[in-house]
Amino acid sequence: MGCCSSQPTAEVESHKESLKFNNGKRFRLLIIGKTGSGKTTILSKVCGEDVADTPSTCRGHHDIEKEIVFQNNDKLVAHDSEGFEAGKVEEVAVVKNFIEKRNKEEDVYQRLHMVWYCIEMNSRPIQRAELDFFSVIWQVPVLAIITKFDTFVQDVLQRLEEENEEEEEIDDAELEEKAKQVAKEKFNKHYRDPLLALPHPPKAVLALSETHKSTPNDSRLTELIQETLKALSRPTEEVNLSMANELTLLFATAQSADTRTKLEACIREGLKDNCDTWPSSIERRGMLDVWNISWLALDPEAINIFMRCLSKDIDSGSRVIGNWGSPYATEVLTWYSNKLNSCKGEQMIADTALIMEQVFLLKITNVEGLIKLVKWYDQRSPLPTYVRNEIMKEHRKPTNSRLVGMGAYRLVDIVLGRPPGVASLNF
Ligand SMILES: Nc1nc2c(ncn2[C@@H]2O[C@H](COP(=O)(O)OP(=O)(O)OP(=O)(O)O)[C@@H](O)[C@H]2O)c(=O)[nH]1
Ligand SMILES: [Mg+2]
């Protein structure tokens with residue numbers, strides 16, 4: 001294969017080592033698209049590290065069988081396939097064979113879980129190759145991703161500017177708005193509507209802009225991540241409900257492109273079905289796992305120290321609504337005695353999620369850093385006060401049931417609505 005065999009970034013041995021700790025559960029993704037359509041850029045953002053790519057002299061040649069694995073993310077494995085040329089049925093057959101073979105695997109984690117089909121946005125309507133691809137039933141959910149929407153907006157803008165030069169009636173901001181609107185209409189007309197009208201349409205058609213500039217905290221991939229989760233959460237003939245739930249959680253864990261998705265998954269892990277009491281140590285461990293911090297997963301002693309630190313500095317003390325000594329305890333008790341437990345649980349879950357967000361964003365790599373962070377959160381961060389006030393506000397609402405906790409949706413809203421710009425730590 002020479003230079004065409006794309007090198008995985010991971011060192012195989014250390015990867016095998018880490019797999020032992022994760023029961024081999026990996027989310028398996030196939031990304032298809034013509035050369036230059038932006039596949040590697042998407043993969044790099046999703047796995048959270050730079051992916052080594054094929055040298056430019058032989059761009060576009062990818063071996064679909066080859067597993068692309070990542071140095072710091074053992075929850076994700078990808079396969080990369082060049083796009084199809086019109087009428088080349090054998091190229092579609094290669095993908096079909098690959099998916100069929102994978103789906104026969106007994107181990108569900110060896111099967112393929114998702115296909116992302118990338119098409120670069122340009123002024124041409126969709127081509128024969130796409131019509132062929134979406135005329136086949138795929139035993140795995142497929143999403144269509146229209147890439148480089150920003151470049152298309154720029155092209156439209158340039159044309160509008162040229163037209164406007166003589167008349168000079170419209171100002172720049174207005175022109176830019178118009179360009180976005182025209183581009184969106186073209187996306188709907190040339191891509192979304194025709195793709196959704198095909199015999200076996202993709203589960204969603206979405207446009208991505210400036211993917212190369214995406215960061216976890218300012219993600220350009222939110223829609224892709226959300227649509228992927230939505231597609232995974234629907235049970236099918238091949239995937240029952242419990243497996244669908246497991247794959248949804250696995251993908252939320254595996255992806256590093258979007259912090260909001262992680263926060264949401266982390267809170268759901270903490271709450272599980274239980275709104276009446278606080279998370280067990282197993283549930284809290286599950287909350288840590290969502291962030292997919294590889295060094296932490298490999299160091300059980302570090303996890304123990306971290307969990308002890310959380311329970312000492314975060315769960316105890318009068319800051320926590322449900323604890324004795326809290327200025328709020330008497331008020332809460334007048335509602336319903338068990339409410340103390342649900343308030344405490346909600347606070348623990350929100351606090352843990354927000355601490356883990358900082359561990360993830362600040363890329364903390366040792367136990368000392370974790371301890372320092374928990375102390376900062378407890379003593380200097382504005383977040384615990386924000387969390388406590390919001391939880392109290394919610395429970396004081398007369399419409400809210402006074403018997404149980406507030407449930408995942410509301411708690412997710414509180415955490416996602418956190419005040420911005422709170423992480424100014426020098427680690
Ligand atoms: N303007 C813009 N450029 C992008 C976007 N996504 C990717 N690019 C750029 O497009 C170029 C090609 O992207 P790749 O991710 O290497 O494309 P690929 O599909 O992996 O290409 P092959 O490996 O040859 O099959 C790179 O220079 C990216 O920076 C985007 O959303 N907007
Ligand atoms: Mg590539």
# chains A, B, ... in the order shown; residues from 1 in each chain; ligands from 1
call {"tool": "residues_around", "arguments": {"residues": "Ala183 (chain A)", "least_positions_apart": "2", "cutoff": "9 Å", "atoms": "only C-alpha atoms", "output": "NGL selection string"}}
result
:A and (149 or 152-153 or 156 or 178-181 or 185-188)
call {"tool": "residues_around", "arguments": {"residues": "region 102-116 of chain A", "least_positions_apart": "6", "cutoff": "7 Å", "atoms": "only C-alpha atoms", "output": "ChimeraX atom specification"}}
result
/A:25-32,140-145
call {"tool": "select_by_dssp", "arguments": {"residues": "region 189-227 of chain A", "states": "strand (DSSP E or B)", "output": "list in words"}}
result
Ala204, Val205, Leu206, Ala207, Thr215 and Asp218 of chain A
call {"tool": "closest_residue", "arguments": {"among": "A:Ile64, A:Asn164, A:Arg128, A:Ser311", "to": "Asn97 (chain A)", "atoms": "only C-alpha atoms"}}
result
A:Ile64
call {"tool": "residues_around", "arguments": {"residues": "region 227-234 of chain A", "least_positions_apart": "5", "cutoff": "8 Å", "atoms": "only C-alpha atoms", "output": "ChimeraX atom specification"}}
result
/A:114,141,143,203-204,241,244-245,247-248,251-252
call {"tool": "residues_around", "arguments": {"residues": "region 283-299 of chain A", "least_positions_apart": "2", "cutoff": "10 Å", "atoms": "only C-alpha atoms", "output": "VMD selection string"}}
result
chain A and resid 17 to 22 71 to 75 249 to 256 259 261 to 272 278 to 281 301 to 304 306 to 307 310 348 to 349 352 to 353 355 to 357 359 to 360 363 to 367
call {"tool": "select_by_dssp", "arguments": {"residues": "region 181-363 of chain A", "states": "alpha helix (DSSP H)", "output": "PyMOL selection string"}}
result
chain A and resi 181-187+193-196+222-233+241-254+259-271+281-289+294-297+300-313+329-335+339-361
call {"tool": "closest_residue", "arguments": {"among": "A:Ile321, A:Glu67, A:Cys47, A:Asp80", "to": "ligand 2", "atoms": "only C-alpha atoms and all ligand atoms"}}
result
A:Asp80
call {"tool": "residues_around", "arguments": {"residues": "Lys34 (chain A)", "least_positions_apart": "5", "cutoff": "8 Å", "atoms": "only C-alpha atoms", "output": "list in words"}}
result
Gly60, Glu82, Gly83, Phe84, Cys118 and Ile119 of chain A
call {"tool": "residues_around", "arguments": {"residues": "Gly405 (chain A)", "least_positions_apart": "2", "cutoff": "7 Å", "atoms": "only C-alpha atoms", "output": "PyMOL selection string"}}
result
chain A and resi 275-276+342-343+407
call {"tool": "residues_around", "arguments": {"residues": "Glu120 (chain A)", "least_positions_apart": "6", "cutoff": "9 Å", "atoms": "only C-alpha atoms", "output": "VMD selection string"}}
result
chain A and resid 33 to 34 36 to 38 145 to 149
